[in-house]
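Pasting start_13.txt here (compact mmCIF, C-alpha atoms and all ligand atoms):
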# COMPACT_ATOMS: atom_id res chain seq x y z
CA MET A 1 -160.05 41.39 135.18
CA ALA A 2 -157.42 38.61 135.11
CA PHE A 3 -155.49 37.82 131.93
CA GLU A 4 -156.00 34.10 131.33
CA ARG A 5 -154.00 33.50 128.16
CA LYS A 6 -150.84 31.37 128.19
CA HIS A 7 -149.92 32.62 124.70
CA ILE A 8 -150.19 35.90 122.78
CA LEU A 9 -150.58 34.89 119.14
CA GLY A 10 -152.60 37.69 117.55
CA LEU A 11 -154.93 40.61 118.22
CA GLU A 12 -157.72 38.89 116.30
CA GLU A 13 -158.23 36.59 119.28
CA LEU A 14 -157.88 39.19 122.08
CA ASN A 15 -161.00 41.07 123.15
CA ALA A 16 -161.13 44.80 123.94
CA GLU A 17 -160.82 44.19 127.70
CA GLU A 18 -157.70 42.04 127.26
CA ILE A 19 -156.10 44.60 124.94
CA THR A 20 -156.89 47.38 127.41
CA LEU A 21 -155.37 45.34 130.24
CA VAL A 22 -152.11 44.98 128.27
CA LEU A 23 -152.07 48.76 127.65
CA ASP A 24 -152.79 49.55 131.32
CA THR A 25 -150.06 47.12 132.46
CA ALA A 26 -147.64 48.72 129.99
CA GLU A 27 -148.19 52.06 131.78
CA SER A 28 -146.79 50.50 134.97
CA MET A 29 -143.93 48.96 133.01
CA ARG A 30 -143.05 52.36 131.56
CA GLU A 31 -142.58 53.58 135.10
CA VAL A 32 -140.01 50.76 135.63
CA SER A 33 -138.20 51.90 132.48
CA ASP A 34 -137.97 55.44 133.89
CA ARG A 35 -136.18 54.30 137.07
CA ASP A 36 -132.39 54.45 137.55
CA VAL A 37 -132.35 50.67 138.10
CA LYS A 38 -134.61 49.40 135.32
CA LYS A 39 -135.22 45.93 136.69
CA VAL A 40 -137.99 44.00 138.45
CA PRO A 41 -137.96 40.29 139.39
CA ALA A 42 -141.18 39.24 137.59
CA LEU A 43 -139.43 36.65 135.37
CA ARG A 44 -136.61 35.65 137.73
CA GLY A 45 -135.78 31.96 137.13
CA VAL A 46 -137.70 31.91 133.82
CA THR A 47 -135.82 31.14 130.59
CA VAL A 48 -137.12 32.98 127.51
CA CYS A 49 -135.92 32.03 124.03
CA ASN A 50 -136.03 34.52 121.15
CA LEU A 51 -136.48 32.32 118.08
CA PHE A 52 -136.06 34.53 115.02
CA PHE A 53 -136.21 33.00 111.52
CA GLU A 54 -136.32 36.43 109.84
CA PRO A 55 -134.23 39.59 110.25
CA SER A 56 -135.27 42.11 112.89
CA THR A 57 -133.78 45.21 114.45
CA ARG A 58 -136.56 46.65 116.61
CA THR A 59 -138.66 43.66 117.66
CA ARG A 60 -135.84 41.30 118.62
CA SER A 61 -133.88 43.95 120.56
CA SER A 62 -137.00 45.26 122.25
CA PHE A 63 -138.11 41.78 123.37
CA GLU A 64 -134.60 41.11 124.70
CA ILE A 65 -134.51 44.37 126.68
CA ALA A 66 -138.00 43.65 128.05
CA GLU A 67 -136.93 40.14 129.13
CA LYS A 68 -133.81 41.47 130.86
CA ARG A 69 -135.77 44.22 132.65
CA LEU A 70 -138.02 41.48 134.03
CA SER A 71 -134.89 39.50 135.14
CA ALA A 72 -135.43 36.53 132.77
CA ASP A 73 -132.62 34.27 131.55
CA VAL A 74 -132.44 35.06 127.83
CA LEU A 75 -131.49 32.70 125.02
CA ASN A 76 -131.13 34.22 121.54
CA PHE A 77 -131.54 31.93 118.55
CA THR A 78 -130.67 32.95 115.01
CA THR A 79 -131.23 30.53 112.15
CA ILE A 80 -127.90 31.04 110.46
CA HIS A 81 -125.94 29.75 113.49
CA SER A 82 -128.27 26.84 114.22
CA SER A 83 -128.96 23.29 113.04
CA VAL A 84 -131.90 24.62 110.98
CA VAL A 85 -129.29 25.05 108.21
CA LYS A 86 -128.73 21.23 108.46
CA GLY A 87 -132.44 20.61 107.92
CA GLU A 88 -133.84 20.49 111.48
CA THR A 89 -137.55 21.37 111.52
CA LEU A 90 -139.13 24.28 113.38
CA LEU A 91 -140.92 21.90 115.74
CA ASP A 92 -137.81 19.84 116.54
CA THR A 93 -135.82 23.03 117.08
CA ALA A 94 -138.42 24.44 119.46
CA ARG A 95 -138.80 21.10 121.32
CA ASN A 96 -135.03 21.03 121.91
CA LEU A 97 -135.05 24.59 123.26
CA GLU A 98 -137.95 23.67 125.53
CA ALA A 99 -135.98 20.60 126.71
CA MET A 100 -133.20 22.99 127.74
CA GLY A 101 -135.65 24.83 130.00
CA ALA A 102 -137.19 27.59 127.86
CA SER A 103 -140.71 28.10 129.15
CA MET A 104 -141.49 31.13 126.99
CA ILE A 105 -140.66 31.32 123.28
CA VAL A 106 -140.84 34.49 121.22
CA ILE A 107 -141.05 33.51 117.56
CA ARG A 108 -140.72 35.40 114.27
CA HIS A 109 -141.22 33.19 111.23
CA PRO A 110 -141.90 33.72 107.50
CA MET A 111 -144.76 31.19 107.53
CA SER A 112 -148.14 32.50 108.67
CA GLY A 113 -149.39 30.27 111.48
CA ALA A 114 -145.98 29.07 112.76
CA PRO A 115 -146.64 30.42 116.32
CA TRP A 116 -149.98 28.55 116.44
CA LEU A 117 -148.19 25.28 115.59
CA LEU A 118 -145.77 25.77 118.50
CA ALA A 119 -148.59 26.75 120.86
CA LYS A 120 -150.42 23.52 119.97
CA GLU A 121 -147.43 21.20 120.27
CA LEU A 122 -145.35 22.65 123.16
CA ASN A 123 -145.91 23.35 126.84
CA SER A 124 -144.04 26.68 126.61
CA SER A 125 -145.86 29.98 126.28
CA ILE A 126 -145.60 31.31 122.74
CA ILE A 127 -145.46 34.99 121.84
CA ASN A 128 -145.82 35.89 118.17
CA ALA A 129 -143.17 38.41 117.04
CA GLY A 130 -144.50 38.40 113.45
CA ASP A 131 -145.68 35.46 111.31
CA GLY A 132 -145.55 35.87 107.55
CA TRP A 133 -148.25 38.19 106.23
CA HIS A 134 -150.52 37.39 109.14
CA GLU A 135 -150.06 39.22 112.49
CA HIS A 136 -147.53 41.21 114.50
CA PRO A 137 -149.41 41.61 117.79
CA SER A 138 -146.68 43.34 119.82
CA GLN A 139 -146.42 46.01 117.08
CA GLY A 140 -150.20 46.47 117.09
CA LEU A 141 -150.21 46.82 120.89
CA LEU A 142 -147.33 49.32 120.93
CA ASP A 143 -149.07 51.37 118.23
CA LEU A 144 -152.26 51.45 120.34
CA PHE A 145 -150.25 52.29 123.47
CA THR A 146 -148.44 55.16 121.72
CA ILE A 147 -151.67 56.67 120.38
CA ARG A 148 -153.59 56.24 123.66
CA ARG A 149 -150.79 58.08 125.51
CA LEU A 150 -150.74 60.89 122.95
CA LYS A 151 -154.45 61.40 122.36
CA GLY A 152 -155.90 60.02 125.60
CA ARG A 153 -158.24 57.64 123.76
CA ILE A 154 -158.61 55.29 120.80
CA GLU A 155 -162.41 55.34 120.48
CA GLY A 156 -163.68 57.63 117.74
CA LEU A 157 -160.28 58.30 116.15
CA LYS A 158 -159.89 58.13 112.38
CA VAL A 159 -156.89 55.95 111.51
CA ALA A 160 -155.52 55.64 107.96
CA ILE A 161 -153.14 52.75 107.16
CA VAL A 162 -151.24 53.38 103.94
CA GLY A 163 -149.37 51.13 101.52
CA ASP A 164 -148.75 47.41 101.17
CA ILE A 165 -151.76 46.15 103.13
CA LEU A 166 -151.72 42.77 101.38
CA HIS A 167 -148.32 41.68 102.72
CA SER A 168 -148.39 43.54 106.02
CA ARG A 169 -148.81 41.70 109.32
CA VAL A 170 -148.61 45.10 111.04
CA ALA A 171 -151.68 46.28 109.08
CA ARG A 172 -153.69 43.24 110.17
CA SER A 173 -152.78 43.57 113.86
CA ASP A 174 -153.43 47.33 113.75
CA ILE A 175 -156.82 46.81 112.09
CA TRP A 176 -157.89 44.30 114.76
CA GLY A 177 -156.55 46.41 117.61
CA PHE A 178 -157.82 49.84 116.55
CA THR A 179 -161.28 48.60 115.50
CA LYS A 180 -161.76 46.57 118.69
CA LEU A 181 -161.05 49.71 120.73
CA GLY A 182 -163.56 51.74 118.68
CA ALA A 183 -161.49 53.59 116.06
CA GLU A 184 -162.56 54.02 112.41
CA VAL A 185 -159.90 52.34 110.25
CA ARG A 186 -159.30 53.18 106.58
CA VAL A 187 -156.75 51.37 104.43
CA VAL A 188 -155.32 52.83 101.25
CA GLY A 189 -152.94 51.68 98.54
CA PRO A 190 -152.88 50.42 94.96
CA PRO A 191 -155.83 48.05 94.30
CA THR A 192 -153.33 45.21 93.82
CA LEU A 193 -152.12 45.64 97.41
CA ILE A 194 -155.55 45.87 99.11
CA PRO A 195 -156.94 42.37 99.83
CA LYS A 196 -160.61 41.80 98.93
CA TYR A 197 -161.56 40.61 102.45
CA ILE A 198 -160.48 43.88 104.09
CA GLU A 199 -164.02 45.25 104.47
CA HIS A 200 -165.06 42.02 106.23
CA ILE A 201 -162.65 42.88 109.05
CA ASN A 202 -164.20 46.34 109.50
CA ALA A 203 -161.65 48.46 107.60
CA LYS A 204 -162.79 50.69 104.73
CA ALA A 205 -160.78 50.46 101.49
CA TYR A 206 -159.59 53.59 99.67
CA TYR A 207 -157.42 53.87 96.58
CA ASN A 208 -156.65 57.59 96.76
CA LEU A 209 -154.29 58.77 99.51
CA GLU A 210 -155.76 62.25 99.93
CA ASP A 211 -159.29 60.80 100.35
CA ALA A 212 -158.09 58.31 102.97
CA ILE A 213 -156.20 60.84 105.08
CA ASP A 214 -158.90 63.51 104.91
CA GLY A 215 -159.58 64.35 108.58
CA ALA A 216 -157.40 61.47 109.83
CA ASP A 217 -156.11 61.67 113.42
CA VAL A 218 -153.50 58.98 112.81
CA VAL A 219 -151.67 58.02 109.60
CA ILE A 220 -149.75 54.74 109.71
CA MET A 221 -147.31 54.39 106.81
CA LEU A 222 -146.15 50.91 105.75
CA ARG A 223 -143.06 49.72 103.95
CA ILE A 224 -143.38 48.08 100.54
CA GLN A 225 -142.49 44.46 101.38
CA LYS A 226 -140.44 43.56 98.32
CA GLU A 227 -139.20 40.39 100.05
CA ARG A 228 -142.75 38.99 100.20
CA GLN A 229 -143.75 39.91 96.63
CA ASP A 230 -143.41 37.25 93.95
CA SER A 231 -144.67 39.50 91.15
CA GLU A 232 -144.98 43.18 90.30
CA PHE A 233 -147.88 44.92 92.06
CA PHE A 234 -147.24 48.39 90.58
CA PRO A 235 -145.20 49.71 87.65
CA SER A 236 -142.30 51.24 89.61
CA LEU A 237 -141.34 52.46 93.07
CA ARG A 238 -141.23 55.98 91.63
CA GLU A 239 -144.82 55.75 90.53
CA TYR A 240 -145.86 54.17 93.83
CA SER A 241 -144.19 56.99 95.71
CA ARG A 242 -145.89 59.63 93.57
CA PHE A 243 -149.36 58.31 94.41
CA TYR A 244 -148.93 56.81 97.89
CA GLY A 245 -145.80 58.43 99.36
CA LEU A 246 -146.64 60.84 102.19
CA THR A 247 -145.51 64.43 101.73
CA ARG A 248 -146.25 67.57 103.73
CA GLU A 249 -148.62 68.73 101.03
CA LYS A 250 -150.67 65.51 101.06
CA LEU A 251 -150.81 65.62 104.87
CA ARG A 252 -152.60 69.00 104.80
CA GLY A 253 -156.04 67.39 104.65
CA ALA A 254 -155.49 65.40 107.85
CA ALA A 255 -156.58 66.58 111.33
CA LYS A 256 -154.54 69.54 112.67
CA ASP A 257 -152.96 67.39 115.38
CA VAL A 258 -152.38 64.37 113.12
CA THR A 259 -149.86 61.77 114.27
CA VAL A 260 -147.73 59.93 111.71
CA MET A 261 -146.52 56.43 112.57
CA HIS A 262 -144.33 53.83 110.89
CA PRO A 263 -143.36 50.41 112.28
CA GLY A 264 -139.92 50.59 110.63
CA PRO A 265 -137.72 49.95 108.81
CA ILE A 266 -138.37 53.15 106.83
CA ASN A 267 -137.63 53.55 103.14
CA ARG A 268 -137.03 57.28 103.11
CA GLY A 269 -138.25 58.92 99.93
CA VAL A 270 -140.51 55.94 99.05
CA GLU A 271 -143.37 55.73 101.57
CA LEU A 272 -142.60 59.02 103.29
CA SER A 273 -140.35 62.01 102.79
CA SER A 274 -137.59 62.75 105.30
CA ASP A 275 -139.21 66.00 106.41
CA ILE A 276 -142.26 63.96 107.51
CA ALA A 277 -140.20 61.08 108.99
CA ASP A 278 -138.19 63.54 111.10
CA GLY A 279 -141.00 66.10 111.53
CA ALA A 280 -143.10 67.11 114.53
CA GLU A 281 -146.05 64.85 113.56
CA ALA A 282 -143.96 61.66 113.51
CA VAL A 283 -143.69 59.43 116.60
CA ILE A 284 -141.61 56.69 115.00
CA LEU A 285 -138.95 56.59 117.71
CA GLU A 286 -141.56 56.92 120.49
CA GLN A 287 -143.17 53.79 119.06
CA VAL A 288 -139.81 52.02 119.42
CA SER A 289 -139.32 53.22 123.03
CA ASN A 290 -142.88 52.27 124.01
CA GLY A 291 -142.35 48.80 122.55
CA ILE A 292 -140.24 47.82 125.56
CA ALA A 293 -142.96 48.62 128.12
CA VAL A 294 -145.61 46.90 125.99
CA ARG A 295 -143.51 43.73 125.63
CA MET A 296 -142.76 43.74 129.37
CA ALA A 297 -146.53 43.88 129.95
CA MET A 298 -147.10 40.96 127.55
CA PHE A 299 -144.57 38.79 129.43
CA TYR A 300 -145.87 39.87 132.82
CA LEU A 301 -149.48 38.97 131.98
CA VAL A 302 -148.61 35.67 130.29
CA ALA A 303 -146.38 34.68 133.24
CA SER A 304 -149.24 35.48 135.66
CA ALA A 305 -151.63 33.37 133.58
CA ARG A 306 -149.13 30.45 133.62
CA ARG A 307 -148.83 30.62 137.39
CA THR A 308 -152.60 30.52 137.95
CA SER A 309 -153.50 27.93 135.27
N1 LIG A 401 -141.37 46.85 113.35
C1 LIG A 401 -140.62 45.76 113.13
O1 LIG A 401 -141.12 44.62 113.16
O2 LIG A 401 -139.28 46.00 112.90
P1 LIG A 401 -138.18 44.88 112.80
O3 LIG A 401 -138.44 44.07 111.57
O4 LIG A 401 -136.87 45.59 112.78
O5 LIG A 401 -138.31 44.00 114.03
Using the file provided, produce a representation of the structure as C-alpha cells.
Amino acid sequence: MAFERKHILGLEELNAEEITLVLDTAESMREVSDRDVKKVPALRGVTVCNLFFEPSTRTRSSFEIAEKRLSADVLNFTTIHSSVVKGETLLDTARNLEAMGASMIVIRHPMSGAPWLLAKELNSSIINAGDGWHEHPSQGLLDLFTIRRLKGRIEGLKVAIVGDILHSRVARSDIWGFTKLGAEVRVVGPPTLIPKYIEHINAKAYYNLEDAIDGADVVIMLRIQKERQDSEFFPSLREYSRFYGLTREKLRGAAKDVTVMHPGPINRGVELSSDIADGAEAVILEQVSNGIAVRMAMFYLVASARRTS
C-alpha cells in the first residue's frame, strides 16, 4: 500500500495498515543505521525545522539524527533564543520558518492540538513530536517497533501501561497503536490519574499494579508529570512509589519473558527501581536507538506522499 498522508499528527488517525507500513519501513531504515556510512539521499534538498517549545533530550536529538541520515538541511528552533520571547505567536513563527524554505516541521508544544493548527494553516508537512497531554506518535511507533522486533508480533500481547495516564501523551499514542495492532491494553494508576474515558478507547482500567501486570508480556512505566499537574493527585511521591513503583517482586506475576519499557526521562526510585531500569527485562535504551529508524521511516513516507500528492 502507498502512504498518502502529508502529516503525521497522531496514532488515533492512522489505521493498522498505515502503522504497519511505518514499522516495515523502519526495518529498512535500521539497516541504513547499521552501515559504516549512515546516510541516504531521501531528503536531499529538503529543509526540516525542529520547532520545540518544551524541553527534550531523546525526541529532539533522535529527529535531528534521522533528518541528517536522510540528508535533509536541518534548522533547530528553541523558544528561548527566538522572537517567541518577544510575543510572536506560534503561527507567525511557523509561517516565517516556512517562508525561509522549511517544508517539513517537527513540533513539540505544551498545548494539545498545536500540530493540527499548523497542519491546517501551512503548506509544510507537520510531524507531531508531542502535544500537551494528547499524543506522541513517534514514541508510540518506536514502542511498537521495539516490541514487534523482540516478540515477533503485537497481536494477542498483554500490555500494561502504568502511572500518570491522565497527563501522558505517550500513554494515549501507545493505547491507539497497541490496540489497533491487536494487543490487549491495561492501564493502571491511582484513580485520580486514570481518565474516565479510558475504557471508550479500548483500554481496561486497573487500580492495583499486581492485578494489571498479572501475565503481562509488556509493562510500560510512565513518569509522574509534575510539570503538567496543577493540584495534588496523590498524597506523596513516597506513597505513589509504594503502590505503583515497579520492583522485582511486583514483576513476578508478569509473563516469564516480560519486557519493561519507559519512554524516559526516568525517575529512578519513583516509578521503577534501578535494578529493573538496568535489568535484563528493560529495553529502555533499545527504544531510544530504534527511535532513529522509526523517525527516518516517518520522514521517508511523508516525503513520498508529498511528491505524489
Ligand atoms: N520520550 C521523550 O519524549 O523524551 P524527551 O522528552 O527527552 O524527548
Closest of A:Leu237, A:Ile127, A:Val283, A:Val170 to ligand LIG 401 (chain A) - atom-to-atom distances counting all atoms listed in the file: A:Val170
Smallest atom-to-atom distance to ligand LIG 401 (chain A): which of A:Ser173, A:Ser71, A:Asn208, A:Thr59, using all atoms listed in the file?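 Using all atoms listed in the file, ligand LIG 401 (chain A) sits closest to A:Thr59.
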Enclose the full set of atoms of range 216-221 of chain A listed in the file within a box whose edges lie along x, y and z, apply 5 Å of padding to each of the six sides, and report centre and edge lengths in Å to one decimal as AutoDock Vina command-line options.
--center_x -152.4 --center_y 58.0 --center_z 110.1 --size_x 20.1 --size_y 17.3 --size_z 16.6
I need the residue nearest Ala160 in chain A from this list: A:Gly130, A:Gly215, A:Gly177, A:Pro195. Use all atoms listed in the file for the distance.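 Among A:Gly130, A:Gly215, A:Gly177, A:Pro195, it is A:Gly215 that comes nearest to Ala160 in chain A.
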Show me, as a tab-separated table, the residues of chain A having an atom within 9 Å of ligand LIG 401 (chain A), each with the closest atom pair and its distance in Å, using only C-alpha atoms and all ligand atoms.
residue	atom	partner	partner_atom	distance
A:Glu54	CA	A:LIG401	O3	8.1
A:Pro55	CA	A:LIG401	O3	6.3
A:Ser56	CA	A:LIG401	O5	3.8
A:Thr57	CA	A:LIG401	O4	3.5
A:Arg58	CA	A:LIG401	O4	4.0
A:Thr59	CA	A:LIG401	O5	3.7
A:Arg60	CA	A:LIG401	O5	5.9
A:Ser61	CA	A:LIG401	O5	7.9
A:Ser62	CA	A:LIG401	O5	8.4
A:Arg108	CA	A:LIG401	O5	8.9
A:Ala129	CA	A:LIG401	O1	7.6
A:Gly130	CA	A:LIG401	O1	7.1
A:His136	CA	A:LIG401	O1	7.4
A:Ser138	CA	A:LIG401	O1	8.8
A:Gln139	CA	A:LIG401	N1	6.3
A:Val170	CA	A:LIG401	N1	7.8
A:His262	CA	A:LIG401	N1	8.0
A:Pro263	CA	A:LIG401	N1	4.2
A:Gly264	CA	A:LIG401	N1	4.8
A:Pro265	CA	A:LIG401	O2	5.9
A:Val288	CA	A:LIG401	N1	8.1
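The interatomic distance for the pair CA of Leu117 in chain A and CA of Lys86 in chain A works out to 21.1 Å.
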